[in-house]
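Q: The structure's right below; bear with me while I get my questions together.
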Amino acid sequence: MMAKLSVHTIFIISCLLTIYLILRRPYLYIRMGKRHLRLESYFLGALLGPILIMIFGILDYTQIINGLKGGRGLNPFGILILFLSMVFMSIFLDITGFFECCARFALKWAGSDGIRLFFSLYLMVSVLTIFTSNDIIILTFTPFIYYFAKNAHIDPKPYLIAEFFAANTWSMMLYIGNPTNILLAAAFGLHFDKYFKWMFLPTLAAGLVSIVGLFVVFRKSISKPIKVRQVDNPFDALTDKTGAALGLLLLGGCIVALAVAPYLGVEMWIISLVFALALLFILIFRDSSVALLRQRIRDKKRFMVGETLRKMPWTVVPFVLSLFITVEALHLYGVTREIGLWFRSICGQSATAYGLVYGAVSALSANVLNNIPMTVASVSVIRGLSGKNLLAAALATAAGSNLGANITPIGALAGIMWMSILHTKDFHLSFKEFVRYGLMITPFTILACLGVLALELAIF
């Protein structure tokens with residue numbers, strides 16, 4: 001009993017420290033000679049869990065290794081490889097200027113019409129998020145939208161909020177849109193195409209409700225005409241047109257391959273790794289050629305490999321692996337099993353109830369624990385279910401982990417990065433104001449999403 005209480009306490013302390021670091025000490029600076037390396041500090045909170053577990057002897061060495069192995073349908077290293085491989089390709093596309101090119105097309109089409117700009121940016125962010133990752137799109141579009149609004153002398157708030165909500169809503173449509181999707185789908189054998197079939201309509205419903213809600217909230221602000229500003233030729237944003245074409249080709253090929261991988265009996269992390277390595281080797285070859293040219297002529301081309309690798313979110317590796325160890329302790333001491341039994345007593349044998357309860361609870365708890373720790377813990381809780389009840393709980397948790405990020409800025413790492421970017425631009429958006437917008441819109445998007453999912457479960 002004491003050990004069980006200790007595991008539960010350690011998990012809560014770890015999550016609270018993570019949130020504190022995210023809000024108060026977001027970066028860790030390491031001195032390396034004359035250079036300073038900046039890392040996100042949030043992983044230290046998760047790392048505290050395994051450290052305390054080892055200090056108090058709650059798990060032995062073998063059990064810790066088992067936690068890192070995952071087991072029970074989960075492969076932590078496979079999940080990380082899949083996520084990092086997709087992010088690598090997306091970051092490279094960003095470096096080539098592809099995302100800025102897309103943003104310029106949206107701005108050019110909008111002209112001086114604020115409403116058209118609002119909808120075009122929402123649509124552009126939504127489409128790009130589906131095929132890449134919400135984190136990458138938020139990192140790329142936030143500064144661009146801010147600077148455009150500042151230069152056009154318009155309030156950037158409606159456009160920034162719309163961008164953020166779009167990224168966290170449409171990221172749940174595909175397996176690859178969010179690390180939480182990957183965790184849940186991998187744990188319960190939801191292949192790329194199966195996940196998409198179930199989540200297409202719920203995402204569409206949530207997205208439509210979201211844009212309507214955002215328009216109602218900001219209609220007065222965006223109705224004001226924009227001072228006509230000459231938008232540069234979108235294609236001028238491409239600093240490496242060949243690289244952009246290569247990146248799009250490999251990313252598109254990877255997505256198609258991920259869809260057919262289950263029918264070929266190939267694990268998806270292997271597919272994503274092959275495409276990422278193909279891009280890496282091509283870039284190494286190109287960079288080597290540039291290095292040789294520089295010895296002969298004064299060539300100013302950029303070295304893409306180093307720049308892409310520097311922007312990779314490497315701190316997610318210790319963060320996720322630490323969480324798996326802590327959740328293994330929760331599982332071994334029966335904590336997750338007891339939570340699962342409590343949910344079963346509430347939901348009975350109703351798949352609809354499981355969908356509604358797990359969706360709502362995951363959306364709310366993501367804002368207490370952050371969505372990745374919440375999802376890792378939820379996998380162990382859901383595992384006691386079977387059949388359609390398990391499917392309902394897993395899909396609803398995926399929905400909650402994405403949409404819950406629109407309630408408060410600490411619901412997901414994407415929110416922390418977004419707020420951090422705005423802080424560096426001296427743009428003030430208080431926690432209270434963010435929550436006000438979140439509560440005005442997100443409950444309706446969650447209800448629409450879970451309602452459509454419940455209909456699917458009842459019909460199919």
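Quick note on naming: the chains in the structure tokens go A, B, ... in the order shown, residues restart at 1 in each chain, and ligands are numbered from 1 in order of appearance.
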Taking 3 positions as the minimum chain separation for residues in the same chain, which residues sit within 9 Å of Ile382 (chain A) when counting only C-alpha atoms? Answer as a compact mmCIF listing (two decimals) with C-alpha atoms, in the first residue's frame.
A:
# COMPACT_ATOMS: atom_id res chain seq x y z
CA THR A 336 -3.71 2.21 -13.50
CA ARG A 337 -5.77 -0.97 -13.07
CA GLY A 340 -9.56 1.54 -15.19
CA ALA A 377 -0.73 6.78 -18.38
CA SER A 378 -4.04 6.36 -20.24
CA VAL A 379 -2.63 3.56 -22.39
CA LEU A 385 -10.86 -3.00 -22.00
CA SER A 386 -11.67 -5.01 -25.11
CA LEU A 390 -11.36 -0.30 -26.06
CA ALA A 393 -11.68 4.81 -25.23
CA ALA A 394 -8.50 4.93 -27.36
Q: Pull the closest atom pair for each residue of region 39-113 of chain A that gets at most 10 Å from region 15-22 of chain A, along with the distance in Å to one decimal, counting only C-alpha atoms, ordering rows by chain and then ascending residue number, as CSV.
A:
residue,atom,partner,partner_atom,distance
A:Glu40,CA,A:Ile22,CA,8.2
A:Ser41,CA,A:Leu21,CA,6.3
A:Tyr42,CA,A:Thr18,CA,5.1
A:Phe43,CA,A:Thr18,CA,7.0
A:Leu44,CA,A:Thr18,CA,7.0
A:Gly45,CA,A:Thr18,CA,4.1
A:Ala46,CA,A:Thr18,CA,6.4
A:Leu47,CA,A:Thr18,CA,9.3
A:Leu48,CA,A:Leu17,CA,8.4
A:Gly49,CA,A:Cys15,CA,8.8
Q: Hey, can you check how far CA of Ile138 (chain A) sits from CA of Gly355 (chain A)?
A: 28.3 Å
Q: Of the candidates A:Val125, A:Met268, A:Val87, A:Leu93, which one gets nearest to Ala106 (chain A) if we count only C-alpha atoms?
A: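 Looking only at the distances to Ala106 (chain A), the closest residue turns out to be A:Val125.
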Q: So which one's closest to Arg38 (chain A), A:Pro179, A:Arg25, A:Thr9, A:Leu395? Using only C-alpha atoms, please.
A: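 The answer is A:Arg25, which sits nearest to Arg38 (chain A).
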Q: Give me, as JSON lines, each residue of region 379-436 of chain A that comes within 10 Å of region 199-204 of chain A, together with its shortest interatomic pair and the distance in Å at one decimal, counting only C-alpha atoms, with rows ordered by chain and rising residue number.
A:
{"residue": "A:Leu395", "atom": "CA", "partner": "A:Met199", "partner_atom": "CA", "distance": 7.5}
{"residue": "A:Ala396", "atom": "CA", "partner": "A:Met199", "partner_atom": "CA", "distance": 9.5}
{"residue": "A:Ala398", "atom": "CA", "partner": "A:Met199", "partner_atom": "CA", "distance": 9.2}
{"residue": "A:Ala399", "atom": "CA", "partner": "A:Thr203", "partner_atom": "CA", "distance": 8.2}
{"residue": "A:Leu403", "atom": "CA", "partner": "A:Thr203", "partner_atom": "CA", "distance": 9.8}
Q: One decimal, in Å: what's the spacing between CA of Thr242 (chain A) and CA of Ile95 (chain A)?
A: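 One can read the CA of Thr242 (chain A) to CA of Ile95 (chain A) distance as 12.2 Å.
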Q: For the contact check between region 156-237 of chain A and region 258-264 of chain A, emit one row per residue of region 156-237 of chain A within 12 Å, containing the shortest atom pair and the distance in Å rounded to one decimal, counting only C-alpha atoms, chain then rising number order, as a tab-separated table.
A:
residue	atom	partner	partner_atom	distance
A:Leu174	CA	A:Ala259	CA	10.2
A:Tyr175	CA	A:Leu258	CA	9.4
A:Ile176	CA	A:Leu258	CA	9.5
A:Ala186	CA	A:Pro262	CA	11.7
A:Gly189	CA	A:Pro262	CA	9.7
A:Leu190	CA	A:Pro262	CA	9.7
A:His191	CA	A:Pro262	CA	6.5
A:Phe192	CA	A:Ala259	CA	5.2
A:Asp193	CA	A:Ala259	CA	5.5
A:Lys194	CA	A:Ala259	CA	9.0
A:Tyr195	CA	A:Ala259	CA	10.0
A:Phe196	CA	A:Ala259	CA	9.4
A:Lys197	CA	A:Ala259	CA	11.3
Q: Write out, as a short mmCIF file (atom, residue, chain, number, x, y, z; two decimals), in the first residue's frame, the residues just selected, with N, CA and C atoms.
A:
data_model
loop_
_atom_site.label_atom_id
_atom_site.label_comp_id
_atom_site.auth_asym_id
_atom_site.auth_seq_id
_atom_site.Cartn_x
_atom_site.Cartn_y
_atom_site.Cartn_z
N LEU A 174 -4.73 12.45 -38.71
CA LEU A 174 -3.81 11.39 -39.13
C LEU A 174 -2.97 10.90 -37.96
N TYR A 175 -2.54 9.69 -38.05
CA TYR A 175 -1.67 9.01 -37.09
C TYR A 175 -0.47 9.87 -36.70
N ILE A 176 0.10 10.58 -37.68
CA ILE A 176 1.39 11.26 -37.50
C ILE A 176 1.27 12.69 -36.98
N ALA A 186 -0.30 3.04 -31.77
CA ALA A 186 0.69 1.96 -31.68
C ALA A 186 0.32 0.97 -30.58
N GLY A 189 -2.90 -1.20 -31.83
CA GLY A 189 -2.93 -1.79 -33.17
C GLY A 189 -3.81 -1.06 -34.16
N LEU A 190 -3.93 0.26 -34.01
CA LEU A 190 -4.71 1.04 -34.97
C LEU A 190 -3.78 1.44 -36.11
N HIS A 191 -3.87 0.74 -37.21
CA HIS A 191 -3.01 1.02 -38.34
C HIS A 191 -3.34 2.38 -38.94
N PHE A 192 -2.44 2.88 -39.76
CA PHE A 192 -2.55 4.22 -40.33
C PHE A 192 -3.91 4.46 -40.98
N ASP A 193 -4.34 3.53 -41.84
CA ASP A 193 -5.60 3.71 -42.54
C ASP A 193 -6.81 3.54 -41.62
N LYS A 194 -6.74 2.61 -40.68
CA LYS A 194 -7.84 2.39 -39.74
C LYS A 194 -8.04 3.60 -38.85
N TYR A 195 -6.94 4.15 -38.36
CA TYR A 195 -7.02 5.36 -37.52
C TYR A 195 -7.68 6.49 -38.32
N PHE A 196 -7.27 6.68 -39.56
CA PHE A 196 -7.81 7.75 -40.39
C PHE A 196 -9.31 7.57 -40.64
N LYS A 197 -9.73 6.33 -40.91
CA LYS A 197 -11.15 6.07 -41.17
C LYS A 197 -12.03 6.46 -40.00
#
Q: If you count only C-alpha atoms, which residues fall within 10 Å of Ser221 (chain A), apart from same-chain ones fewer than 4 positions away, as a ChimeraX atom specification?
A: /A:114-115,154-159,215,217,225
